[in-house]
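Listing of run_36.cif, mmCIF, C-alpha atoms
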data_run
loop_
_atom_site.label_atom_id
_atom_site.label_comp_id
_atom_site.auth_asym_id
_atom_site.auth_seq_id
_atom_site.Cartn_x
_atom_site.Cartn_y
_atom_site.Cartn_z
CA MET A 166 14.49 5.61 -16.72
CA GLU A 167 13.26 5.44 -13.15
CA THR A 168 13.29 2.08 -11.43
CA ASN A 169 10.18 1.59 -9.32
CA SER A 170 10.22 -0.90 -6.48
CA VAL A 171 7.44 -2.40 -4.46
CA GLN A 172 6.78 -0.27 -1.42
CA PRO A 173 7.31 -2.34 1.75
CA VAL A 174 4.90 -2.40 4.66
CA THR A 175 5.83 0.37 7.10
CA ILE A 176 5.96 -0.36 10.83
CA LEU A 177 6.24 1.84 13.92
CA ILE A 178 7.73 0.07 16.95
CA VAL A 179 6.77 1.33 20.41
CA GLU A 180 9.05 -0.36 22.94
CA ASP A 181 10.91 1.06 25.94
CA GLU A 182 13.49 -1.73 26.14
CA ALA A 183 16.19 -0.48 23.77
CA ILE A 184 17.75 -3.89 23.13
CA LEU A 185 14.39 -5.47 22.34
CA ALA A 186 13.43 -2.56 20.08
CA LEU A 187 16.70 -2.92 18.15
CA ASP A 188 16.23 -6.67 17.85
CA LEU A 189 12.73 -6.19 16.46
CA CYS A 190 14.00 -3.62 13.95
CA VAL A 191 16.73 -5.92 12.66
CA LYS A 192 14.53 -8.99 12.37
CA LEU A 193 11.60 -7.18 10.75
CA GLU A 194 13.85 -5.46 8.22
CA GLN A 195 15.33 -8.85 7.36
CA GLU A 196 11.76 -9.97 6.65
CA GLY A 197 11.35 -7.10 4.17
CA TYR A 198 9.41 -4.63 6.31
CA SER A 199 10.33 -0.95 6.62
CA ILE A 200 10.71 0.49 10.12
CA VAL A 201 9.69 4.17 10.13
CA GLY A 202 10.88 4.68 13.69
CA THR A 203 10.99 3.44 17.28
CA ALA A 204 9.64 5.17 20.37
CA SER A 205 10.12 4.44 24.06
CA THR A 206 7.21 6.61 25.25
CA GLY A 207 3.63 7.03 24.14
CA ARG A 208 3.91 10.72 23.36
CA ARG A 209 6.98 10.17 21.20
CA ALA A 210 5.14 7.36 19.42
CA LEU A 211 2.18 9.63 18.65
CA ALA A 212 4.51 12.32 17.29
CA LEU A 213 6.17 9.81 14.95
CA PHE A 214 2.80 8.41 13.93
CA GLN A 215 1.57 11.87 12.97
CA GLN A 216 4.72 12.56 10.92
CA GLU A 217 5.14 9.26 9.10
CA THR A 218 3.11 6.95 6.90
CA VAL A 219 2.54 3.93 9.14
CA ASP A 220 0.82 0.74 7.98
CA ILE A 221 0.96 -1.08 11.32
CA VAL A 222 1.99 -0.37 14.93
CA ILE A 223 3.74 -2.86 17.19
CA CYS A 224 3.30 -1.62 20.74
CA ASP A 225 4.50 -2.83 24.13
CA ILE A 226 1.87 -2.40 26.84
CA ASN A 227 4.31 -1.44 29.63
CA LEU A 228 5.87 1.88 28.66
CA LYS A 229 7.73 4.65 30.41
CA GLY A 230 5.93 7.96 30.84
CA ASP A 231 2.33 8.86 31.52
CA TRP A 232 0.82 6.73 28.77
CA ASN A 233 0.98 2.95 28.76
CA GLY A 234 0.75 1.07 25.47
CA ILE A 235 -3.03 0.85 25.57
CA GLU A 236 -3.47 4.60 25.97
CA THR A 237 -0.81 5.16 23.30
CA ALA A 238 -2.75 2.99 20.86
CA ARG A 239 -5.96 4.81 21.74
CA GLN A 240 -4.35 8.16 20.95
CA MET A 241 -2.97 6.96 17.61
CA VAL A 242 -6.18 5.32 16.45
CA ALA A 243 -8.11 8.48 17.35
CA HIS A 244 -5.78 10.37 15.01
CA ARG A 245 -5.92 7.85 12.16
CA PRO A 246 -7.15 4.24 11.95
CA VAL A 247 -4.27 1.74 12.00
CA PRO A 248 -3.91 -1.92 13.02
CA VAL A 249 -2.11 -2.35 16.36
CA ILE A 250 -0.30 -5.45 17.63
CA TYR A 251 0.31 -5.47 21.36
CA LEU A 252 3.39 -7.09 22.88
CA SER A 253 3.37 -7.85 26.59
CA ALA A 254 4.69 -10.15 29.29
CA LEU A 255 1.36 -9.62 31.08
CA THR A 256 -1.33 -12.24 30.67
CA ASP A 257 -3.69 -11.26 33.48
CA ARG A 258 -7.38 -10.83 32.78
CA GLY A 259 -7.44 -7.15 33.75
CA THR A 260 -4.77 -6.12 31.23
CA LEU A 261 -6.37 -8.24 28.54
CA GLU A 262 -9.78 -6.66 29.09
CA GLN A 263 -8.29 -3.16 28.90
CA ALA A 264 -6.48 -4.04 25.68
CA LYS A 265 -9.63 -5.50 24.10
CA VAL A 266 -11.39 -2.14 24.39
CA THR A 267 -9.03 -0.72 21.74
CA MET A 268 -9.76 -3.64 19.37
CA PRO A 269 -6.14 -4.62 18.66
CA ALA A 270 -5.20 -6.71 15.65
CA ALA A 271 -3.30 -9.13 17.91
CA TYR A 272 -1.99 -9.59 21.46
CA LEU A 273 1.31 -11.47 21.59
CA THR A 274 3.02 -12.52 24.80
CA LYS A 275 6.75 -12.05 25.22
CA PRO A 276 9.12 -13.47 24.21
CA VAL A 277 7.86 -13.17 20.64
CA THR A 278 9.25 -15.21 17.77
CA ILE A 279 9.69 -13.55 14.38
CA ASP A 280 7.51 -16.23 12.76
CA ASN A 281 4.59 -15.49 15.08
CA LEU A 282 5.05 -11.76 14.60
CA ARG A 283 5.19 -12.04 10.81
CA ILE A 284 1.98 -14.07 10.77
CA ALA A 285 0.28 -11.58 13.07
CA ILE A 286 1.33 -8.69 10.82
CA GLU A 287 0.04 -10.31 7.64
CA ILE A 288 -3.29 -11.27 9.21
CA ALA A 289 -3.66 -7.83 10.79
CA LEU A 290 -3.12 -6.04 7.47
CA SER A 291 -5.51 -8.37 5.66
CA ASN A 292 -8.27 -7.95 8.24
CA PHE A 293 -7.77 -4.20 8.42
CA ALA A 294 -8.14 -3.88 4.64
CA VAL A 295 -11.44 -5.77 4.79
CA ARG A 296 -12.77 -3.68 7.70
CA SER A 297 -11.77 -0.46 5.91
CA THR A 298 -13.89 -1.26 2.84
CA PRO A 299 -17.13 0.74 3.13
CA GLU A 300 -20.30 -1.36 3.22
CA LYS A 301 -22.94 -0.63 0.62
CA SER A 302 -26.11 0.88 2.05
CA GLU A 303 -29.48 -0.22 0.74
CA SER A 304 -30.56 3.41 0.43
CA ALA A 305 -27.35 4.53 -1.24
CA PRO A 306 -27.36 5.79 -4.84
CA PRO A 307 -26.03 3.50 -7.60
CA ALA A 308 -22.46 2.64 -6.73
CA ILE A 309 -19.40 3.53 -8.72
CA PRO A 310 -18.43 0.44 -10.77
CA THR A 311 -16.03 -1.61 -8.69
CA ASN A 312 -13.38 -3.94 -10.13
CA GLN A 313 -12.33 -6.43 -7.46
CA VAL A 314 -9.00 -7.79 -8.65
CA ARG A 315 -7.07 -10.74 -7.33
CA ASP A 316 -5.38 -10.64 -3.93
CA GLY A 317 -7.91 -8.19 -2.52
CA GLU A 318 -7.06 -5.02 -4.46
CA THR A 319 -10.05 -2.84 -5.30
CA ILE A 320 -10.17 -0.36 -8.17
CA LEU A 321 -13.05 2.08 -8.42
CA GLN A 322 -13.96 3.73 -11.69
CA ILE A 323 -16.34 6.43 -12.86
CA GLY A 324 -16.23 7.48 -16.49
CA ASP A 325 -12.60 7.92 -17.55
CA ASN A 326 -11.41 8.40 -13.97
CA ILE A 327 -10.23 5.74 -11.55
CA PHE A 328 -9.84 5.69 -7.77
CA LEU A 329 -6.83 3.93 -6.24
CA LYS A 330 -6.23 3.40 -2.54
CA GLN A 331 -3.48 5.38 -0.81
CA ASN A 332 -3.12 5.66 2.96
CA TYR A 333 -6.63 4.27 3.57
CA TYR A 334 -8.31 6.68 1.14
CA PHE A 335 -9.44 6.15 -2.44
CA VAL A 336 -7.78 8.87 -4.50
CA ARG A 337 -9.24 10.07 -7.81
CA ILE A 338 -6.88 9.94 -10.79
CA TYR A 339 -7.94 11.51 -14.07
CA GLN A 340 -7.12 9.59 -17.23
CA SER A 341 -4.98 12.48 -18.44
CA GLU A 342 -2.81 12.16 -15.29
CA LEU A 343 -1.92 8.51 -15.87
CA LEU A 344 1.53 8.10 -17.42
CA TYR A 345 2.44 4.44 -17.39
CA ILE A 346 2.27 1.21 -15.43
CA GLU A 347 5.27 -0.87 -14.42
CA ALA A 348 5.06 -4.48 -13.27
CA GLU A 349 7.33 -6.34 -10.90
CA ASP A 350 6.44 -9.91 -9.94
CA LYS A 351 2.88 -9.83 -8.50
CA TYR A 352 2.84 -6.06 -8.07
CA THR A 353 2.22 -3.15 -10.41
CA THR A 354 3.04 0.52 -9.95
CA VAL A 355 0.71 3.10 -11.50
CA VAL A 356 2.72 6.26 -12.18
CA THR A 357 1.37 9.81 -12.43
CA PRO A 358 3.43 13.04 -12.65
CA ASP A 359 3.56 13.41 -8.85
CA ARG A 360 2.50 10.09 -7.30
CA LYS A 361 2.99 6.34 -7.50
CA PHE A 362 0.41 3.75 -6.46
CA VAL A 363 1.57 0.20 -5.78
CA LEU A 364 -1.08 -2.49 -6.29
CA ARG A 365 -0.93 -6.18 -5.44
CA VAL A 366 -2.09 -7.36 -8.85
CA SER A 367 -0.47 -8.54 -12.08
CA LEU A 368 -0.12 -6.24 -15.09
CA ALA A 369 -2.35 -8.46 -17.24
CA VAL A 370 -5.21 -8.36 -14.72
CA LEU A 371 -4.86 -4.60 -14.18
CA LEU A 372 -4.98 -3.91 -17.92
CA GLN A 373 -8.08 -6.04 -18.17
CA ARG A 374 -9.73 -3.91 -15.49
CA LEU A 375 -8.67 -0.71 -17.29
CA SER A 376 -9.57 -1.96 -20.76
CA ASN A 377 -11.83 1.03 -21.52
CA LEU A 378 -8.96 3.45 -20.92
CA SER A 379 -6.15 4.29 -23.33
CA PHE A 380 -3.50 1.92 -21.98
CA VAL A 381 -1.52 -0.34 -24.27
CA ARG A 382 1.19 -2.81 -23.38
CA VAL A 383 4.62 -2.01 -24.82
CA HIS A 384 6.80 -4.46 -22.90
CA ARG A 385 6.27 -7.51 -20.70
CA SER A 386 6.73 -5.20 -17.69
CA TYR A 387 5.24 -1.92 -18.98
CA ALA A 388 2.05 -0.40 -20.33
CA VAL A 389 1.69 3.24 -21.35
CA ASN A 390 -1.11 5.77 -21.62
CA LEU A 391 -1.36 6.55 -25.33
CA LEU A 392 -2.69 10.02 -24.53
CA ARG A 393 0.61 10.91 -22.83
CA VAL A 394 3.08 9.53 -25.41
CA GLU A 395 5.42 12.32 -26.52
CA ALA A 396 7.78 10.43 -28.82
CA PHE A 397 8.88 6.90 -29.70
CA ASN A 398 11.18 4.91 -31.94
CA ASP A 399 11.71 1.23 -32.61
CA TYR A 400 13.09 0.62 -29.12
CA GLU A 401 11.55 3.02 -26.61
CA VAL A 402 8.66 5.33 -25.75
CA GLN A 403 9.04 8.75 -24.11
CA ILE A 404 6.43 10.00 -21.65
CA ALA A 405 6.87 13.10 -19.46
CA GLY A 406 10.61 12.63 -19.14
CA HIS A 407 10.39 8.86 -18.61
CA VAL A 408 11.86 6.45 -21.15
CA ILE A 409 9.91 3.18 -21.43
CA PRO A 410 11.30 0.18 -23.34
CA LEU A 411 9.34 -0.90 -26.41
CA GLY A 412 9.50 -4.67 -26.75
CA ARG A 413 9.72 -6.28 -30.18
CA VAL A 414 6.69 -8.48 -29.48
CA TYR A 415 4.49 -5.47 -28.66
CA LYS A 416 5.82 -2.97 -31.21
CA ASP A 417 3.45 -3.68 -34.10
CA GLU A 418 0.33 -3.48 -31.94
CA PHE A 419 1.57 -0.26 -30.35
CA ILE A 420 2.24 1.42 -33.72
CA GLN A 421 -1.18 0.36 -35.04
CA HIS A 422 -2.77 2.84 -32.66
CA PHE A 423 -1.07 5.73 -34.51
CA LEU A 424 -1.86 4.72 -38.07
CA MET A 425 -4.43 6.87 -39.86
CA ARG A 426 -7.56 5.00 -40.86
#

Write-out of the structure in C-alpha cells:
Amino acid sequence: METNSVQPVTILIVEDEAILALDLCVKLEQEGYSIVGTASTGRRALALFQQETVDIVICDINLKGDWNGIETARQMVAHRPVPVIYLSALTDRGTLEQAKVTMPAAYLTKPVTIDNLRIAIEIALSNFAVRSTPEKSESAPPAIPTNQVRDGETILQIGDNIFLKQNYYFVRIYQSELLYIEAEDKYTTVVTPDRKFVLRVSLAVLLQRLSNLSFVRVHRSYAVNLLRVEAFNDYEVQIAGHVIPLGRVYKDEFIQHFLMR
C-alpha cells in the first residue's frame, strides 16, 4: 500500500550571497518547508520558477545581473501569481516605494530571524489564499455549491463532480475518478488514478462535505469510493492496485452497502 504524506510548502530562494542562501535552506527545511531551488540571479530564478511548483518566493532585492529582486519578482508574478517575501538590508524610502509597486507579501530587513521568516511565510500564504478566491458577482449565474471547510479549505461541487484546488486552480474530479481518501493528523489526501490532492481538513469533516457521494469510511484513517472497490475480505479493500485496511469497527457498515435488499 502506498504511504501518502502531507505535501510541504515549496519555497524558491533568490539570494546571491551563497552562505546566506545555504543558511536559509537549512533553517527552512528544519522548519518543514521544501526548497525547490536557489538562484543568485533574476533570470535563473525565473527559469526555476517556470520549471517548478512554487508556493512562495523569498527574494533578496540586491541581486547580481541585470535584474534586481524587484524586477525578478515582477517577471515571476507576470508568469504566475505567487506570494513574494523581500529580504533586504536597504530601508530607504525609494527602495521601499519601488518594492510596494509589486505588492509583496512582506518586506523583511536583514539580518532575518527564522521565527520572523516563518511567521511571514504563514501569513503570506494565508493572505494569498484569500486574495485568490474569486469574488461573487451580483450579475453572475447561480454559483456552484461551495462547502467551506475548517482551516480555509474550499471544496466546490456540481452534481456528482467536485473541484479541488491545485496550483491555484480548481480542478474538476469526476466521481468515477475518486479512489480513496487517506487522513494524517489535520490533513487528508484525496487520491485519483493519476493525482493526489492534499487538503487541510480532517477526514470526518471532508466526508460530511462529500456525504452525497459514494464514500464510506473503512478505517480511522481511510475512506473508499464504493464505486471503485474491486475486491475485499475481512481485513482489507482493494482499489485500482491499492490495498486499504478494513478496520473491525467499520467492517459491518461497509459490508451493509453490498447486501442485496

Using only C-alpha atoms: which of A:Ser341, A:Gln373, A:Asn292, A:Ser199 has the shortest distance to Val394 (chain A): A:Ser341

Residues near Phe362 (chain A), cut-off 9 Å, all atoms listed in the file, skip fewer than 3 positions along chain, as a VMD selection string: chain A and resid 329 to 331 353 to 357

Write out as an mmCIF file with C-alpha atoms, in the coordinates of the input each polymer residue whose atoms come within 8 Å of region 213-229 of chain A, counting all atoms listed in the file; drop sequence neighbours fewer than 3 positions from it.
data_model
loop_
_atom_site.group_PDB
_atom_site.id
_atom_site.type_symbol
_atom_site.label_atom_id
_atom_site.label_comp_id
_atom_site.auth_asym_id
_atom_site.auth_seq_id
_atom_site.Cartn_x
_atom_site.Cartn_y
_atom_site.Cartn_z
ATOM 1 C CA VAL A 174 4.900 -2.400 4.660
ATOM 2 C CA THR A 175 5.830 0.370 7.100
ATOM 3 C CA ILE A 176 5.960 -0.360 10.830
ATOM 4 C CA LEU A 177 6.240 1.840 13.920
ATOM 5 C CA ILE A 178 7.730 0.070 16.950
ATOM 6 C CA VAL A 179 6.770 1.330 20.410
ATOM 7 C CA GLU A 180 9.050 -0.360 22.940
ATOM 8 C CA ASP A 181 10.910 1.060 25.940
ATOM 9 C CA VAL A 201 9.690 4.170 10.130
ATOM 10 C CA GLY A 202 10.880 4.680 13.690
ATOM 11 C CA ALA A 204 9.640 5.170 20.370
ATOM 12 C CA SER A 205 10.120 4.440 24.060
ATOM 13 C CA THR A 206 7.210 6.610 25.250
ATOM 14 C CA GLY A 207 3.630 7.030 24.140
ATOM 15 C CA ARG A 209 6.980 10.170 21.200
ATOM 16 C CA ALA A 210 5.140 7.360 19.420
ATOM 17 C CA TRP A 232 0.820 6.730 28.770
ATOM 18 C CA ASN A 233 0.980 2.950 28.760
ATOM 19 C CA GLY A 234 0.750 1.070 25.470
ATOM 20 C CA ILE A 235 -3.030 0.850 25.570
ATOM 21 C CA ALA A 238 -2.750 2.990 20.860
ATOM 22 C CA MET A 241 -2.970 6.960 17.610
ATOM 23 C CA HIS A 244 -5.780 10.370 15.010
ATOM 24 C CA VAL A 247 -4.270 1.740 12.000
ATOM 25 C CA PRO A 248 -3.910 -1.920 13.020
ATOM 26 C CA VAL A 249 -2.110 -2.350 16.360
ATOM 27 C CA ILE A 250 -0.300 -5.450 17.630
ATOM 28 C CA TYR A 251 0.310 -5.470 21.360
ATOM 29 C CA LEU A 252 3.390 -7.090 22.880
ATOM 30 C CA SER A 253 3.370 -7.850 26.590
ATOM 31 C CA ILE A 286 1.330 -8.690 10.820
ATOM 32 C CA LEU A 290 -3.120 -6.040 7.470
ATOM 33 C CA ASN A 332 -3.120 5.660 2.960
#

Selection near Asp417 (chain A), 12 Å with all atoms listed in the file, sequence-local residues under 4 positions removed, as number ranges by chain: A: 381-384, 398-400, 411-413, 421-424

Counting only C-alpha atoms, the option among A:Gln240, A:Arg393, A:Ile284, A:Arg360 closest to Leu193 (chain A):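 Distance minimum relative to Leu193 (chain A) lands on A:Ile284.
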
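Using only C-alpha atoms, the smallest distance between any of A:Ser386, A:Val363, A:Phe397, A:Ala369 and Glu349 (chain A) comes from A:Ser386.
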
Residues in the PyMOL selection byres ((chain A and resi 188) around 12), expressed as a ChimeraX atom specification: /A:178,180,182-187,189-195,200,203,276-279

CA of Ile327 (chain A) to CA of Leu375 (chain A), distance in Å rounded to a single decimal: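 Computing it gives 8.8 Å between the two atoms.
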
Hey, could you patch up region 359-379 of chain A with N, CA and C atoms and hand it over as a PDB file, keeping the file's coordinate frame?
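Saved result, selection-v4.pdb, follows:
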ATOM      1  N   ASP A 359       3.100  13.100 -10.209  1.00  0.00           N
ATOM      2  CA  ASP A 359       3.560  13.410  -8.850  1.00  0.00           C
ATOM      3  C   ASP A 359       3.324  12.313  -7.823  1.00  0.00           C
ATOM      4  N   ARG A 360       2.778  11.159  -8.257  1.00  0.00           N
ATOM      5  CA  ARG A 360       2.500  10.090  -7.300  1.00  0.00           C
ATOM      6  C   ARG A 360       2.722   8.723  -7.936  1.00  0.00           C
ATOM      7  N   LYS A 361       2.903   7.736  -7.071  1.00  0.00           N
ATOM      8  CA  LYS A 361       2.990   6.340  -7.500  1.00  0.00           C
ATOM      9  C   LYS A 361       2.079   5.522  -6.600  1.00  0.00           C
ATOM     10  N   PHE A 362       1.322   4.602  -7.207  1.00  0.00           N
ATOM     11  CA  PHE A 362       0.410   3.750  -6.460  1.00  0.00           C
ATOM     12  C   PHE A 362       0.806   2.298  -6.707  1.00  0.00           C
ATOM     13  N   VAL A 363       1.164   1.598  -5.659  1.00  0.00           N
ATOM     14  CA  VAL A 363       1.570   0.200  -5.780  1.00  0.00           C
ATOM     15  C   VAL A 363       0.373  -0.690  -5.488  1.00  0.00           C
ATOM     16  N   LEU A 364       0.061  -1.594  -6.422  1.00  0.00           N
ATOM     17  CA  LEU A 364      -1.080  -2.490  -6.290  1.00  0.00           C
ATOM     18  C   LEU A 364      -0.603  -3.931  -6.278  1.00  0.00           C
ATOM     19  N   ARG A 365      -1.259  -4.765  -5.485  1.00  0.00           N
ATOM     20  CA  ARG A 365      -0.930  -6.180  -5.440  1.00  0.00           C
ATOM     21  C   ARG A 365      -1.758  -6.905  -6.500  1.00  0.00           C
ATOM     22  N   VAL A 366      -1.365  -6.758  -7.741  1.00  0.00           N
ATOM     23  CA  VAL A 366      -2.090  -7.360  -8.850  1.00  0.00           C
ATOM     24  C   VAL A 366      -1.160  -7.406 -10.054  1.00  0.00           C
ATOM     25  N   SER A 367      -1.340  -8.405 -10.908  1.00  0.00           N
ATOM     26  CA  SER A 367      -0.470  -8.540 -12.080  1.00  0.00           C
ATOM     27  C   SER A 367      -0.829  -7.494 -13.132  1.00  0.00           C
ATOM     28  N   LEU A 368       0.108  -7.230 -14.031  1.00  0.00           N
ATOM     29  CA  LEU A 368      -0.120  -6.240 -15.090  1.00  0.00           C
ATOM     30  C   LEU A 368      -1.257  -6.683 -16.000  1.00  0.00           C
ATOM     31  N   ALA A 369      -1.310  -7.968 -16.335  1.00  0.00           N
ATOM     32  CA  ALA A 369      -2.350  -8.460 -17.240  1.00  0.00           C
ATOM     33  C   ALA A 369      -3.749  -8.239 -16.652  1.00  0.00           C
ATOM     34  N   VAL A 370      -3.905  -8.537 -15.366  1.00  0.00           N
ATOM     35  CA  VAL A 370      -5.210  -8.360 -14.720  1.00  0.00           C
ATOM     36  C   VAL A 370      -5.565  -6.881 -14.633  1.00  0.00           C
ATOM     37  N   LEU A 371      -4.592  -6.033 -14.296  1.00  0.00           N
ATOM     38  CA  LEU A 371      -4.860  -4.600 -14.180  1.00  0.00           C
ATOM     39  C   LEU A 371      -5.280  -4.021 -15.524  1.00  0.00           C
ATOM     40  N   LEU A 372      -4.612  -4.408 -16.595  1.00  0.00           N
ATOM     41  CA  LEU A 372      -4.980  -3.910 -17.920  1.00  0.00           C
ATOM     42  C   LEU A 372      -6.370  -4.367 -18.324  1.00  0.00           C
ATOM     43  N   GLN A 373      -6.729  -5.554 -17.894  1.00  0.00           N
ATOM     44  CA  GLN A 373      -8.080  -6.040 -18.170  1.00  0.00           C
ATOM     45  C   GLN A 373      -9.114  -5.161 -17.483  1.00  0.00           C
ATOM     46  N   ARG A 374      -8.810  -4.755 -16.240  1.00  0.00           N
ATOM     47  CA  ARG A 374      -9.730  -3.910 -15.490  1.00  0.00           C
ATOM     48  C   ARG A 374      -9.807  -2.498 -16.060  1.00  0.00           C
ATOM     49  N   LEU A 375      -8.727  -2.059 -16.722  1.00  0.00           N
ATOM     50  CA  LEU A 375      -8.670  -0.710 -17.290  1.00  0.00           C
ATOM     51  C   LEU A 375      -8.832  -0.732 -18.805  1.00  0.00           C
ATOM     52  N   SER A 376      -9.510  -1.749 -19.303  1.00  0.00           N
ATOM     53  CA  SER A 376      -9.570  -1.960 -20.760  1.00  0.00           C
ATOM     54  C   SER A 376     -10.278  -0.837 -21.510  1.00  0.00           C
ATOM     55  N   ASN A 377     -11.135  -0.068 -20.828  1.00  0.00           N
ATOM     56  CA  ASN A 377     -11.830   1.030 -21.520  1.00  0.00           C
ATOM     57  C   ASN A 377     -11.027   2.318 -21.503  1.00  0.00           C
ATOM     58  N   LEU A 378      -9.839   2.297 -20.890  1.00  0.00           N
ATOM     59  CA  LEU A 378      -8.960   3.450 -20.920  1.00  0.00           C
ATOM     60  C   LEU A 378      -7.922   3.274 -22.025  1.00  0.00           C
ATOM     61  N   SER A 379      -7.054   4.255 -22.172  1.00  0.00           N
ATOM     62  CA  SER A 379      -6.150   4.290 -23.330  1.00  0.00           C
ATOM     63  C   SER A 379      -4.794   3.653 -23.051  1.00  0.00           C
TER      64      SER A 379
END
